[in-house]
Structure formats: structure tokens, C-alpha cells
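Visitor: One structure follows; several queries about it will come next.
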Amino acid sequence: MSQSHTPWGGRTALSSSQVDELEKALRAMETKLAERELALAEAANKLAEKERELAETEALLRAREQVTAAMRQKIGREAAGASGAVSKEEAEALKELREEMEKQEQSLKESRNALKEREEFIEQSEAALFQKMQEQQLKESEIEQKEEDLKRKLRQAGLMGAETKEPMEKA
């Protein structure tokens, strides 16, 4: 029988039912891993969509700034040609437009910060997922080795024929 180290340092023999249970647990972990990878891919797609929306908003903001600049130039030319000053209504309209643009700029900055936080979270999640995958592969290798050891010992004891050597099923 295969020997395995317990967490407290001793050795324990694994029965075939224990090996089967470990394989089932491993398959369940693989399923969870696949689900998490799918969720991560969905999150990446959502992030890409948000990035596109953010880029569109930035382009819109730049266009509005250009329109505003053009309006300012036009108003400046008209004011210089007429009386040399901007009317009260025009000044108020420009002030409101500037305030709206500042609000949009602040909103854009907040969106960028949120996007940066999401990217950091995704990077952390990917790193944790990769580490768990490595741990799972290590456990799988240990289980395969234990199964091979168990089969070898059963053959040595005469409880299992040499011809019953079957390949491991991959989940």
C-alpha cells in the first residue's frame, strides 16, 4: 500500500476508496477551476467593454472641448467686433458649460480610477488562480503516484494481475 504523509508528520496507508475519493475531489476542484476561469474571462470581457466606453467618453469630451473652444473664439471675435465685451447671458452660458465639462472630467477621472482598481483585482485573481492550479497539479501528481504505488504493491502481494494495468482516467 502507498504511504502518504499526514499534516502532523506521520504516515498513513491509503485504501483504494480513499484514492477514489481523492480523485473525485480533484475532479471537483478542476470543475471549480474551470468555472472560475470562465468567470475571470467574463470579467475581462466586461472590463474591455468598460474600457471601450471610457475611450468613447474621452473622445466625446475632447470633441466638446473643441466645440467650446471654437465657440469661445467666435464669441471673442463677435465681442471684439461689437462692443469688446461678452454679454451677461453669453458669459453665464459659457460658465455653465465649463462647470458641466468639469463635472464630466471628474466623472471620467473616477471611471479611470475604478478601471485601475478592477485591473489590479483581476491581476491578483489571476495570480491566486495560477497558484491554486499549481497546487492542484501537485496534488494530482501525488495521487497518481500513490495509485501507482498501490497497484504495484497489490501486484507484489498477488492480489492484482499484471495484465490489469490500466491507464489513469483524466477528468
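The way I read the labels, and the way they are meant: chains A, B, ... in the order of the C-alpha cells, residue 1 as the first residue of every chain, and ligand 1 as the first ligand shown, with later ones counted on from there.
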Report as a count of residues only: the residues of chain A with a DSSP assignment of helix (DSSP H, G or I), based on the backbone of this structure.
Guide: 140
Visitor: Distance table requested - region 22-96 of chain A against region 122-134 of chain A, cut-off 9 Å, only C-alpha atoms: one row per qualifying residue with the closest atom pair and its distance in Å to one decimal, ordered by chain and rising residue number, as a tab-separated table.
Guide:
residue	atom	partner	partner_atom	distance
A:Glu30	CA	A:Met133	CA	8.6
A:Leu33	CA	A:Met133	CA	7.6
A:Arg36	CA	A:Leu129	CA	8.1
A:Glu37	CA	A:Leu129	CA	8.2
A:Leu40	CA	A:Ile122	CA	7.6
A:Ala43	CA	A:Ile122	CA	8.0
A:Ala44	CA	A:Ile122	CA	7.8
Visitor: Which residues, written as an MDAnalysis selection string, have at least one atom at most 8 Å from region 57-65 of chain A, with only C-alpha atoms counted and residues fewer than 5 positions away on the same chain left out?
Guide: chainID A and resid 101 104:105 108
Visitor: Generate the output file for the selected residues, N, CA and C atoms, as a PDB file, in the first residue's frame.
Guide:
ATOM      1  N   MET A 101     -18.517  70.620 -18.041  1.00  0.00           N
ATOM      2  CA  MET A 101     -17.330  69.918 -18.516  1.00  0.00           C
ATOM      3  C   MET A 101     -16.434  69.495 -17.349  1.00  0.00           C
ATOM      4  N   GLN A 104     -17.962  66.438 -15.871  1.00  0.00           N
ATOM      5  CA  GLN A 104     -17.684  65.279 -16.717  1.00  0.00           C
ATOM      6  C   GLN A 104     -16.234  64.834 -16.584  1.00  0.00           C
ATOM      7  N   GLU A 105     -15.328  65.786 -16.482  1.00  0.00           N
ATOM      8  CA  GLU A 105     -13.912  65.447 -16.305  1.00  0.00           C
ATOM      9  C   GLU A 105     -13.702  64.704 -14.991  1.00  0.00           C
ATOM     10  N   LEU A 108     -14.959  61.258 -15.357  1.00  0.00           N
ATOM     11  CA  LEU A 108     -14.015  60.489 -16.163  1.00  0.00           C
ATOM     12  C   LEU A 108     -12.823  60.032 -15.317  1.00  0.00           C
TER      13      LEU A 108
END
Visitor: Please indicate the distance in Å from CA of Gly158 (chain A) to CA of Asp20 (chain A), rounded to one decimal place.
Guide: 21.3 Å
